[in-house]
$ cat coords37.pdb   # PDB, C-alpha atoms, pLDDT in the B column
MODEL        1
ATOM      1  CA  MET K   1      -9.450  -6.892   5.555  1.00 47.00           C
ATOM      2  CA  THR K   2      -9.541  -6.046   1.869  1.00 44.00           C
ATOM      3  CA  ASP K   3      -7.905  -3.128   0.098  1.00 50.00           C
ATOM      4  CA  GLN K   4      -9.158   0.244   1.261  1.00 48.00           C
ATOM      5  CA  SER K   5     -11.725   1.363  -1.301  1.00 35.00           C
ATOM      6  CA  PRO K   6     -11.316   4.962  -2.484  1.00 34.00           C
ATOM      7  CA  HIS K   7     -13.511   7.241  -0.407  1.00 33.00           C
ATOM      8  CA  PRO K   8     -12.189  10.806  -0.068  1.00 39.00           C
ATOM      9  CA  ALA K   9     -14.602  11.649   2.732  1.00 36.00           C
ATOM     10  CA  ALA K  10     -13.113   8.869   4.830  1.00 43.00           C
ATOM     11  CA  GLY K  11      -9.570  10.081   4.335  1.00 63.00           C
ATOM     12  CA  SER K  12      -8.500   7.469   1.798  1.00 58.00           C
ATOM     13  CA  ALA K  13      -6.885   8.313  -1.527  1.00 56.00           C
ATOM     14  CA  PRO K  14      -9.113   9.413  -4.422  1.00 56.00           C
ATOM     15  CA  PRO K  15      -9.358   7.075  -7.415  1.00 54.00           C
ATOM     16  CA  ARG K  16      -7.205   7.636 -10.480  1.00 45.00           C
ATOM     17  CA  PRO K  17      -9.177   9.298 -13.314  1.00 45.00           C
ATOM     18  CA  PRO K  18     -10.537   6.732 -15.824  1.00 45.00           C
ATOM     19  CA  GLY K  19      -7.935   5.799 -18.408  1.00 39.00           C
ATOM     20  CA  ALA K  20      -5.096   7.566 -16.602  1.00 37.00           C
ATOM     21  CA  ALA K  21      -1.893   5.589 -16.194  1.00 36.00           C
ATOM     22  CA  PRO K  22       0.201   5.645 -13.021  1.00 38.00           C
ATOM     23  CA  HIS K  23       2.953   8.244 -13.032  1.00 35.00           C
ATOM     24  CA  ALA K  24       5.928   5.971 -13.683  1.00 33.00           C
ATOM     25  CA  GLY K  25       8.552   8.347 -12.368  1.00 36.00           C
ATOM     26  CA  SER K  26       6.719   9.470  -9.261  1.00 49.00           C
ATOM     27  CA  ALA K  27       7.324   8.162  -5.790  1.00 77.00           C
ATOM     28  CA  LEU K  28       3.832   7.015  -4.858  1.00 91.00           C
ATOM     29  CA  PRO K  29       2.790   3.972  -2.831  1.00 95.00           C
ATOM     30  CA  ARG K  30       2.531   0.855  -4.996  1.00 93.00           C
ATOM     31  CA  LEU K  31       1.264  -2.643  -4.332  1.00 94.00           C
ATOM     32  CA  ILE K  32       3.880  -5.115  -5.587  1.00 93.00           C
ATOM     33  CA  VAL K  33       2.878  -8.720  -6.331  1.00 91.00           C
ATOM     34  CA  PRO K  34       5.924 -10.960  -6.961  1.00 88.00           C
ATOM     35  CA  GLN K  35       5.293 -13.907  -9.264  1.00 88.00           C
ATOM     36  CA  ARG K  36       5.311 -17.334  -7.652  1.00 87.00           C
ATOM     37  CA  PHE K  37       6.506 -20.378  -9.578  1.00 92.00           C
ATOM     38  CA  ALA K  38       4.767 -23.474  -8.220  1.00 91.00           C
ATOM     39  CA  ASP K  39       5.439 -27.178  -8.646  1.00 88.00           C
ATOM     40  CA  SER K  40       4.908 -30.398  -6.688  1.00 94.00           C
ATOM     41  CA  ARG K  41       7.300 -29.220  -3.950  1.00 93.00           C
ATOM     42  CA  GLY K  42       5.621 -25.882  -3.313  1.00 90.00           C
ATOM     43  CA  TRP K  43       6.633 -22.573  -4.862  1.00 90.00           C
ATOM     44  CA  PHE K  44       9.539 -20.162  -5.407  1.00 93.00           C
ATOM     45  CA  CYS K  45       9.514 -16.390  -5.840  1.00 89.00           C
ATOM     46  CA  GLU K  46      11.855 -13.415  -5.882  1.00 88.00           C
ATOM     47  CA  THR K  47      10.767 -11.200  -3.001  1.00 88.00           C
ATOM     48  CA  PHE K  48      12.986  -8.374  -4.244  1.00 90.00           C
ATOM     49  CA  ASN K  49      14.332  -7.578  -7.705  1.00 90.00           C
ATOM     50  CA  ALA K  50      15.979  -4.173  -8.186  1.00 90.00           C
ATOM     51  CA  ARG K  51      15.624  -4.250 -11.969  1.00 90.00           C
ATOM     52  CA  ARG K  52      11.899  -4.955 -11.783  1.00 88.00           C
ATOM     53  CA  LEU K  53      11.321  -2.106  -9.352  1.00 88.00           C
ATOM     54  CA  ALA K  54      13.425   0.247 -11.478  1.00 88.00           C
ATOM     55  CA  ALA K  55      11.290  -0.653 -14.503  1.00 88.00           C
ATOM     56  CA  LEU K  56       8.270   0.458 -12.461  1.00 86.00           C
ATOM     57  CA  GLY K  57       9.914   3.808 -11.730  1.00 86.00           C
ATOM     58  CA  LEU K  58      10.942   2.722  -8.231  1.00 87.00           C
ATOM     59  CA  ALA K  59      14.727   2.807  -8.426  1.00 86.00           C
ATOM     60  CA  VAL K  60      15.498   2.766  -4.710  1.00 91.00           C
ATOM     61  CA  ASP K  61      18.755   1.790  -3.010  1.00 92.00           C
ATOM     62  CA  PHE K  62      17.728  -0.248   0.016  1.00 95.00           C
ATOM     63  CA  VAL K  63      20.431  -0.414   2.693  1.00 96.00           C
ATOM     64  CA  GLN K  64      18.871  -2.341   5.576  1.00 96.00           C
ATOM     65  CA  ASP K  65      16.426  -5.207   6.202  1.00 96.00           C
ATOM     66  CA  ASN K  66      14.189  -5.150   9.293  1.00 97.00           C
ATOM     67  CA  GLU K  67      11.809  -7.629  10.911  1.00 97.00           C
ATOM     68  CA  SER K  68       9.125  -7.084  13.519  1.00 97.00           C
ATOM     69  CA  TRP K  69       7.240  -9.792  15.404  1.00 98.00           C
ATOM     70  CA  SER K  70       3.867  -9.118  17.012  1.00 98.00           C
ATOM     71  CA  ALA K  71       2.422 -11.616  19.480  1.00 97.00           C
ATOM     72  CA  ARG K  72      -1.230 -10.664  19.286  1.00 96.00           C
ATOM     73  CA  ARG K  73      -3.906  -9.616  16.860  1.00 97.00           C
ATOM     74  CA  GLY K  74      -4.722  -5.901  16.961  1.00 96.00           C
ATOM     75  CA  THR K  75      -1.134  -4.758  17.435  1.00 98.00           C
ATOM     76  CA  VAL K  76      -0.649  -1.388  15.731  1.00 98.00           C
ATOM     77  CA  ARG K  77       2.781  -0.042  14.816  1.00 97.00           C
ATOM     78  CA  GLY K  78       2.861   3.512  13.507  1.00 92.00           C
ATOM     79  CA  LEU K  79       2.407   5.892  12.022  1.00 97.00           C
ATOM     80  CA  HIS K  80       6.198   6.145  11.591  1.00 98.00           C
ATOM     81  CA  LEU K  81       8.707   8.068   9.464  1.00 97.00           C
ATOM     82  CA  GLN K  82      12.201   9.536   9.480  1.00 96.00           C
ATOM     83  CA  ALA K  83      12.865  13.144   8.520  1.00 96.00           C
ATOM     84  CA  PRO K  84      15.370  14.178   5.832  1.00 94.00           C
ATOM     85  CA  PRO K  85      18.274  13.759   5.356  1.00 95.00           C
ATOM     86  CA  HIS K  86      17.622  10.332   6.911  1.00 95.00           C
ATOM     87  CA  ALA K  87      14.221   9.719   5.305  1.00 95.00           C
ATOM     88  CA  GLN K  88      13.336   6.130   4.434  1.00 96.00           C
ATOM     89  CA  ALA K  89      11.420   4.495   1.631  1.00 96.00           C
ATOM     90  CA  LYS K  90      10.127   1.047   2.642  1.00 97.00           C
ATOM     91  CA  LEU K  91       9.140  -2.204   0.968  1.00 97.00           C
ATOM     92  CA  VAL K  92       6.922  -4.142   3.374  1.00 98.00           C
ATOM     93  CA  ARG K  93       5.698  -7.748   3.353  1.00 97.00           C
ATOM     94  CA  ALA K  94       4.173 -10.225   5.782  1.00 98.00           C
ATOM     95  CA  VAL K  95       6.314 -13.322   6.306  1.00 97.00           C
ATOM     96  CA  ARG K  96       3.839 -14.995   8.678  1.00 97.00           C
ATOM     97  CA  GLY K  97       0.211 -14.055   9.245  1.00 98.00           C
ATOM     98  CA  ARG K  98      -1.702 -11.032   7.942  1.00 98.00           C
ATOM     99  CA  ILE K  99      -1.519  -7.258   8.362  1.00 98.00           C
ATOM    100  CA  TYR K 100      -3.466  -4.215   7.216  1.00 98.00           C
ATOM    101  CA  ASP K 101      -0.690  -1.948   5.920  1.00 98.00           C
ATOM    102  CA  VAL K 102      -1.091   1.800   5.408  1.00 98.00           C
ATOM    103  CA  ALA K 103       0.773   4.730   3.834  1.00 97.00           C
ATOM    104  CA  VAL K 104      -0.295   8.321   4.614  1.00 97.00           C
ATOM    105  CA  ASP K 105       0.586  11.323   2.435  1.00 97.00           C
ATOM    106  CA  VAL K 106       2.449  13.840   4.634  1.00 97.00           C
ATOM    107  CA  ARG K 107       3.990  16.023   1.903  1.00 96.00           C
ATOM    108  CA  ARG K 108       3.407  19.704   2.681  1.00 95.00           C
ATOM    109  CA  GLY K 109       1.319  21.371  -0.007  1.00 95.00           C
ATOM    110  CA  SER K 110      -0.037  18.106  -1.393  1.00 95.00           C
ATOM    111  CA  PRO K 111      -3.724  18.234  -2.386  1.00 95.00           C
ATOM    112  CA  THR K 112      -3.980  14.765  -0.836  1.00 95.00           C
ATOM    113  CA  TYR K 113      -2.175  15.668   2.411  1.00 96.00           C
ATOM    114  CA  GLY K 114      -3.439  13.419   5.201  1.00 96.00           C
ATOM    115  CA  ARG K 115      -5.036  10.940   2.788  1.00 96.00           C
ATOM    116  CA  PHE K 116      -4.044   7.288   2.967  1.00 97.00           C
ATOM    117  CA  VAL K 117      -3.965   4.032   1.046  1.00 96.00           C
ATOM    118  CA  GLY K 118      -4.079   0.608   2.647  1.00 97.00           C
ATOM    119  CA  ALA K 119      -4.051  -3.062   1.722  1.00 96.00           C
ATOM    120  CA  GLU K 120      -3.995  -6.472   3.340  1.00 97.00           C
ATOM    121  CA  LEU K 121      -0.584  -8.132   3.101  1.00 98.00           C
ATOM    122  CA  SER K 122      -0.220 -11.771   4.065  1.00 97.00           C
ATOM    123  CA  ALA K 123       2.148 -14.688   3.812  1.00 95.00           C
ATOM    124  CA  GLU K 124      -0.496 -16.328   1.646  1.00 94.00           C
ATOM    125  CA  ASN K 125      -1.069 -13.540  -0.908  1.00 95.00           C
ATOM    126  CA  GLY K 126       2.618 -12.521  -1.046  1.00 95.00           C
ATOM    127  CA  ARG K 127       1.815  -8.876  -1.715  1.00 96.00           C
ATOM    128  CA  GLN K 128       4.180  -6.066  -0.740  1.00 96.00           C
ATOM    129  CA  LEU K 129       3.558  -2.375  -0.153  1.00 97.00           C
ATOM    130  CA  PHE K 130       6.108   0.148  -1.389  1.00 96.00           C
ATOM    131  CA  VAL K 131       6.031   3.200   0.896  1.00 97.00           C
ATOM    132  CA  PRO K 132       7.980   6.138  -0.573  1.00 95.00           C
ATOM    133  CA  VAL K 133       9.691   9.017   1.173  1.00 95.00           C
ATOM    134  CA  GLY K 134       7.089  11.618   2.133  1.00 96.00           C
ATOM    135  CA  PHE K 135       4.614   9.077   3.484  1.00 97.00           C
ATOM    136  CA  ALA K 136       4.061   7.898   7.058  1.00 98.00           C
ATOM    137  CA  HIS K 137       3.769   4.128   7.479  1.00 98.00           C
ATOM    138  CA  GLY K 138       1.904   1.884   9.864  1.00 98.00           C
ATOM    139  CA  PHE K 139       0.182  -1.468  10.121  1.00 98.00           C
ATOM    140  CA  CYS K 140      -2.257  -3.457  12.224  1.00 98.00           C
ATOM    141  CA  THR K 141      -1.925  -7.213  12.747  1.00 98.00           C
ATOM    142  CA  LEU K 142      -4.944  -9.289  11.722  1.00 98.00           C
ATOM    143  CA  ASP K 143      -3.718 -12.480  13.418  1.00 97.00           C
ATOM    144  CA  ASP K 144      -1.725 -13.560  16.451  1.00 97.00           C
ATOM    145  CA  ASP K 145       1.960 -14.382  15.898  1.00 98.00           C
ATOM    146  CA  VAL K 146       2.681 -12.111  12.925  1.00 98.00           C
ATOM    147  CA  LEU K 147       6.122 -11.614  11.396  1.00 98.00           C
ATOM    148  CA  VAL K 148       6.718  -8.626   9.099  1.00 98.00           C
ATOM    149  CA  ALA K 149       9.840  -7.947   7.038  1.00 98.00           C
ATOM    150  CA  TYR K 150      10.688  -4.678   5.349  1.00 96.00           C
ATOM    151  CA  LYS K 151      13.522  -3.139   3.430  1.00 96.00           C
ATOM    152  CA  VAL K 152      14.460   0.498   4.073  1.00 96.00           C
ATOM    153  CA  SER K 153      16.448   2.980   2.008  1.00 95.00           C
ATOM    154  CA  GLY K 154      18.068   4.746   4.968  1.00 95.00           C
ATOM    155  CA  PHE K 155      19.722   3.653   8.179  1.00 96.00           C
ATOM    156  CA  TYR K 156      17.926   4.198  11.477  1.00 95.00           C
ATOM    157  CA  ASP K 157      18.591   7.630  12.974  1.00 96.00           C
ATOM    158  CA  ARG K 158      17.144   8.261  16.424  1.00 94.00           C
ATOM    159  CA  ALA K 159      17.246  12.052  16.084  1.00 96.00           C
ATOM    160  CA  SER K 160      15.243  11.910  12.833  1.00 96.00           C
ATOM    161  CA  GLU K 161      12.471   9.508  13.819  1.00 96.00           C
ATOM    162  CA  GLY K 162       8.947  10.787  14.231  1.00 96.00           C
ATOM    163  CA  GLY K 163       5.351  10.040  13.475  1.00 97.00           C
ATOM    164  CA  ILE K 164       1.651  10.695  13.911  1.00 98.00           C
ATOM    165  CA  ARG K 165      -0.975   9.037  16.104  1.00 97.00           C
ATOM    166  CA  PHE K 166      -2.401   5.903  14.500  1.00 97.00           C
ATOM    167  CA  ASP K 167      -5.950   6.894  15.515  1.00 97.00           C
ATOM    168  CA  ASP K 168      -5.767  10.486  14.279  1.00 97.00           C
ATOM    169  CA  ALA K 169      -9.342  11.589  13.591  1.00 95.00           C
ATOM    170  CA  GLU K 170      -8.383  13.835  10.683  1.00 96.00           C
ATOM    171  CA  ILE K 171      -6.698  10.956   8.818  1.00 97.00           C
ATOM    172  CA  GLY K 172      -9.492   8.545   9.750  1.00 96.00           C
ATOM    173  CA  ILE K 173      -7.946   5.139   9.117  1.00 97.00           C
ATOM    174  CA  PRO K 174     -10.534   2.369   9.761  1.00 96.00           C
ATOM    175  CA  TRP K 175      -8.185   0.013  11.568  1.00 97.00           C
ATOM    176  CA  PRO K 176      -9.628  -3.540  11.761  1.00 95.00           C
ATOM    177  CA  LEU K 177      -9.220  -3.863  15.524  1.00 93.00           C
ATOM    178  CA  PRO K 178     -10.556  -6.603  17.826  1.00 91.00           C
ATOM    179  CA  GLU K 179     -13.119  -5.758  20.509  1.00 89.00           C
ATOM    180  CA  GLU K 180     -10.414  -5.283  23.136  1.00 90.00           C
ATOM    181  CA  GLY K 181      -8.868  -2.490  21.072  1.00 92.00           C
ATOM    182  CA  ALA K 182      -5.354  -1.803  19.858  1.00 95.00           C
ATOM    183  CA  CYS K 183      -2.101  -2.953  21.409  1.00 96.00           C
ATOM    184  CA  VAL K 184       0.180   0.081  21.033  1.00 96.00           C
ATOM    185  CA  SER K 185       3.600   0.911  22.470  1.00 97.00           C
ATOM    186  CA  ASP K 186       3.900   3.707  25.030  1.00 96.00           C
ATOM    187  CA  LYS K 187       6.077   5.565  22.530  1.00 96.00           C
ATOM    188  CA  ASP K 188       3.491   5.401  19.734  1.00 97.00           C
ATOM    189  CA  ALA K 189       0.710   6.426  22.127  1.00 96.00           C
ATOM    190  CA  LEU K 190       2.531   9.737  22.689  1.00 97.00           C
ATOM    191  CA  LEU K 191       2.845  10.636  18.994  1.00 97.00           C
ATOM    192  CA  PRO K 192       1.178  13.940  18.014  1.00 97.00           C
ATOM    193  CA  ALA K 193      -1.984  14.465  16.010  1.00 97.00           C
ATOM    194  CA  LEU K 194      -1.606  15.482  12.368  1.00 97.00           C
ATOM    195  CA  ARG K 195      -2.770  19.050  13.064  1.00 96.00           C
ATOM    196  CA  ASP K 196      -0.134  19.454  15.811  1.00 96.00           C
ATOM    197  CA  TRP K 197       2.763  18.161  13.703  1.00 96.00           C
ATOM    198  CA  VAL K 198       4.895  20.024  11.145  1.00 95.00           C
ATOM    199  CA  SER K 199       5.898  17.867   8.193  1.00 96.00           C
ATOM    200  CA  PRO K 200       9.529  17.978   6.993  1.00 96.00           C
ATOM    201  CA  PHE K 201       8.500  16.777   3.505  1.00 96.00           C
ATOM    202  CA  ASP K 202       7.560  18.880   0.472  1.00 94.00           C
ATOM    203  CA  TYR K 203       5.051  18.046  -2.253  1.00 94.00           C
ATOM    204  CA  ASP K 204       6.642  16.809  -5.492  1.00 88.00           C
ATOM    205  CA  GLY K 205       3.731  17.574  -7.812  1.00 89.00           C
ATOM    206  CA  VAL K 206       2.071  14.134  -7.968  1.00 89.00           C
ATOM    207  CA  PRO K 207      -1.045  13.633  -5.808  1.00 90.00           C
ATOM    208  CA  LEU K 208      -1.852  10.356  -4.118  1.00 91.00           C
ATOM    209  CA  THR K 209      -4.241   7.999  -5.932  1.00 88.00           C
ATOM    210  CA  ALA K 210      -5.652   4.570  -5.177  1.00 87.00           C
ATOM    211  CA  LEU K 211      -3.245   1.629  -5.132  1.00 80.00           C
ATOM    212  CA  ASP K 212      -2.254  -0.265  -8.276  1.00 70.00           C
ATOM    213  CA  SER K 213      -1.143  -3.901  -8.188  1.00 65.00           C
ATOM    214  CA  VAL K 214       2.014  -4.455 -10.268  1.00 62.00           C
TER     215      VAL K 214
ENDMDL
END
$ encode --input "coords37.pdb" --output "structure tokens"
Amino acid sequence: MTDQSPHPAAGSAPPRPPGAAPHAGSALPRLIVPQRFADSRGWFCETFNARRLAALGLAVDFVQDNESWSARRGTVRGLHLQAPPHAQAKLVRAVRGRIYDVAVDVRRGSPTYGRFVGAELSAENGRQLFVPVGFAHGFCTLDDDVLVAYKVSGFYDRASEGGIRFDDAEIGIPWPLPEEGACVSDKDALLPALRDWVSPFDYDGVPLTALDSV
């Protein structure tokens, strides 16, 4: 699965106007590509560097590291979020296998409300998706035996957790599912549709655009 190409009719984020730079101070999803230093032994890379993220306008204090393991291809987790004051920004990467990772704009009043961006993250490509506060997050496994690690900026709070159905027709994410369909938890299967859910997040003035690799 390649990066989701911009197609507003399909629910994905519109492209950035030609020549326009990313809004450095805004909290928008970003595709982070850590540099790998290779030699005869293999390679080394920094999977997280606070100074580098801050230089990109992503000065986030991460407080917790999480891992999730999925046994089979076609496992979908999401679309998840936590409401303020326990909202979480996330930095997501695949440690083993491949995933299609998605962030959905759920900021009330946003001209791109309900639009999404997505990219393939894998142990091989080393890419990471930064998911800011105000965006719902989810992913689909593209292989069996997939391990995903992610940093979060807030501690888990049961009373604040929420989400939207992964197969919401209004959002229209083209999940790359196998013929047998998605493997979804009972909890995620009961999440509401976007139109039946009231977002706790407000628009900050910067609309969603297609992903940049940095």
$ residues_around --input "coords37.pdb" --residues "segment 91-106 of chain K" --least-positions-apart "6" --cutoff "8 Å" --atoms "only C-alpha atoms" --output "PyMOL selection string"
chain K and resi 1+29+112-124+126-131+134-152+175-176+199+201+208
$ write_last_selection --input "coords37.pdb" --atoms "C-alpha atoms" --output "CSV table (one decimal), keeping the file's coordinate frame"
chain,number,residue,atom,x,y,z
K,1,MET,CA,-9.4,-6.9,5.6
K,29,PRO,CA,2.8,4.0,-2.8
K,112,THR,CA,-4.0,14.8,-0.8
K,113,TYR,CA,-2.2,15.7,2.4
K,114,GLY,CA,-3.4,13.4,5.2
K,115,ARG,CA,-5.0,10.9,2.8
K,116,PHE,CA,-4.0,7.3,3.0
K,117,VAL,CA,-4.0,4.0,1.0
K,118,GLY,CA,-4.1,0.6,2.6
K,119,ALA,CA,-4.1,-3.1,1.7
K,120,GLU,CA,-4.0,-6.5,3.3
K,121,LEU,CA,-0.6,-8.1,3.1
K,122,SER,CA,-0.2,-11.8,4.1
K,123,ALA,CA,2.1,-14.7,3.8
K,124,GLU,CA,-0.5,-16.3,1.6
K,126,GLY,CA,2.6,-12.5,-1.0
K,127,ARG,CA,1.8,-8.9,-1.7
K,128,GLN,CA,4.2,-6.1,-0.7
K,129,LEU,CA,3.6,-2.4,-0.2
K,130,PHE,CA,6.1,0.1,-1.4
K,131,VAL,CA,6.0,3.2,0.9
K,134,GLY,CA,7.1,11.6,2.1
K,135,PHE,CA,4.6,9.1,3.5
K,136,ALA,CA,4.1,7.9,7.1
K,137,HIS,CA,3.8,4.1,7.5
K,138,GLY,CA,1.9,1.9,9.9
K,139,PHE,CA,0.2,-1.5,10.1
K,140,CYS,CA,-2.3,-3.5,12.2
K,141,THR,CA,-1.9,-7.2,12.7
K,142,LEU,CA,-4.9,-9.3,11.7
K,143,ASP,CA,-3.7,-12.5,13.4
K,144,ASP,CA,-1.7,-13.6,16.5
K,145,ASP,CA,2.0,-14.4,15.9
K,146,VAL,CA,2.7,-12.1,12.9
K,147,LEU,CA,6.1,-11.6,11.4
K,148,VAL,CA,6.7,-8.6,9.1
K,149,ALA,CA,9.8,-7.9,7.0
K,150,TYR,CA,10.7,-4.7,5.3
K,151,LYS,CA,13.5,-3.1,3.4
K,152,VAL,CA,14.5,0.5,4.1
K,175,TRP,CA,-8.2,0.0,11.6
K,176,PRO,CA,-9.6,-3.5,11.8
K,199,SER,CA,5.9,17.9,8.2
K,201,PHE,CA,8.5,16.8,3.5
K,208,LEU,CA,-1.9,10.4,-4.1
$ resolve_selection --input "coords37.pdb" --expression "the PyMOL selection byres ((chain K and resi 211) around 6)" --output "PDB file with C-alpha atoms, in the coordinates of the input"
ATOM      1  CA  ARG K  30       2.531   0.855  -4.996  1.00 93.00           C
ATOM      2  CA  ALA K 210      -5.652   4.570  -5.177  1.00 87.00           C
ATOM      3  CA  ASP K 212      -2.254  -0.265  -8.276  1.00 70.00           C
TER       4      ASP K 212
END
$ atom_distance --input "coords37.pdb" --atom1 "atom CA of Val198 of chain K" --atom2 "atom CA of Cys183 of chain K"
26.1 Å
$ atom_distance --input "coords37.pdb" --atom1 "atom CA of Gly181 of chain K" --atom2 "atom CA of Leu81 of chain K"
23.6 Å
$ residues_around --input "coords37.pdb" --residues "Gly163 of chain K" --least-positions-apart "2" --cutoff "9 Å" --atoms "all atoms listed in the file" --output "list in words"
Gly78, Leu79, His80, Leu81, Gln82, Ala136, His137, Glu161, Arg165, Phe166, Asp188, Leu191, Pro192, Ala193, Leu194 and Trp197 of chain K
$ resolve_selection --input "coords37.pdb" --expression "the PyMOL selection byres ((chain K and resi 43-54) around 10)" --output "number ranges by chain"
K: 24-25, 32-42, 55-62, 91, 93, 126-128, 130, 151, 214
$ write_last_selection --input "coords37.pdb" --atoms "C-alpha atoms" --output "JSON list (two decimals), in the coordinates of the input"
[["chain", "number", "residue", "atom", "x", "y", "z"],
["K", 24, "ALA", "CA", 5.93, 5.97, -13.68],
["K", 25, "GLY", "CA", 8.55, 8.35, -12.37],
["K", 32, "ILE", "CA", 3.88, -5.12, -5.59],
["K", 33, "VAL", "CA", 2.88, -8.72, -6.33],
["K", 34, "PRO", "CA", 5.92, -10.96, -6.96],
["K", 35, "GLN", "CA", 5.29, -13.91, -9.26],
["K", 36, "ARG", "CA", 5.31, -17.33, -7.65],
["K", 37, "PHE", "CA", 6.51, -20.38, -9.58],
["K", 38, "ALA", "CA", 4.77, -23.47, -8.22],
["K", 39, "ASP", "CA", 5.44, -27.18, -8.65],
["K", 40, "SER", "CA", 4.91, -30.40, -6.69],
["K", 41, "ARG", "CA", 7.30, -29.22, -3.95],
["K", 42, "GLY", "CA", 5.62, -25.88, -3.31],
["K", 55, "ALA", "CA", 11.29, -0.65, -14.50],
["K", 56, "LEU", "CA", 8.27, 0.46, -12.46],
["K", 57, "GLY", "CA", 9.91, 3.81, -11.73],
["K", 58, "LEU", "CA", 10.94, 2.72, -8.23],
["K", 59, "ALA", "CA", 14.73, 2.81, -8.43],
["K", 60, "VAL", "CA", 15.50, 2.77, -4.71],
["K", 61, "ASP", "CA", 18.76, 1.79, -3.01],
["K", 62, "PHE", "CA", 17.73, -0.25, 0.02],
["K", 91, "LEU", "CA", 9.14, -2.20, 0.97],
["K", 93, "ARG", "CA", 5.70, -7.75, 3.35],
["K", 126, "GLY", "CA", 2.62, -12.52, -1.05],
["K", 127, "ARG", "CA", 1.82, -8.88, -1.72],
["K", 128, "GLN", "CA", 4.18, -6.07, -0.74],
["K", 130, "PHE", "CA", 6.11, 0.15, -1.39],
["K", 151, "LYS", "CA", 13.52, -3.14, 3.43],
["K", 214, "VAL", "CA", 2.01, -4.46, -10.27]]
$ atom_distance --input "coords37.pdb" --atom1 "atom CA of Val76 of chain K" --atom2 "atom CA of Tyr203 of chain K"
27.1 Å
$ axis_aligned_box --input "coords37.pdb" --around "segment 146-153 of chain K" --padding-each-side "5 Å" --output "AutoDock Vina command-line options"
--center_x 9.6 --center_y -4.6 --center_z 7.5 --size_x 23.8 --size_y 25.1 --size_z 20.9
$ closest_residue --input "coords37.pdb" --among "K:Gly154, K:Gly162, K:Gly172, K:Gly109" --to "Val133 of chain K" --atoms "all atoms listed in the file"
K:Gly154
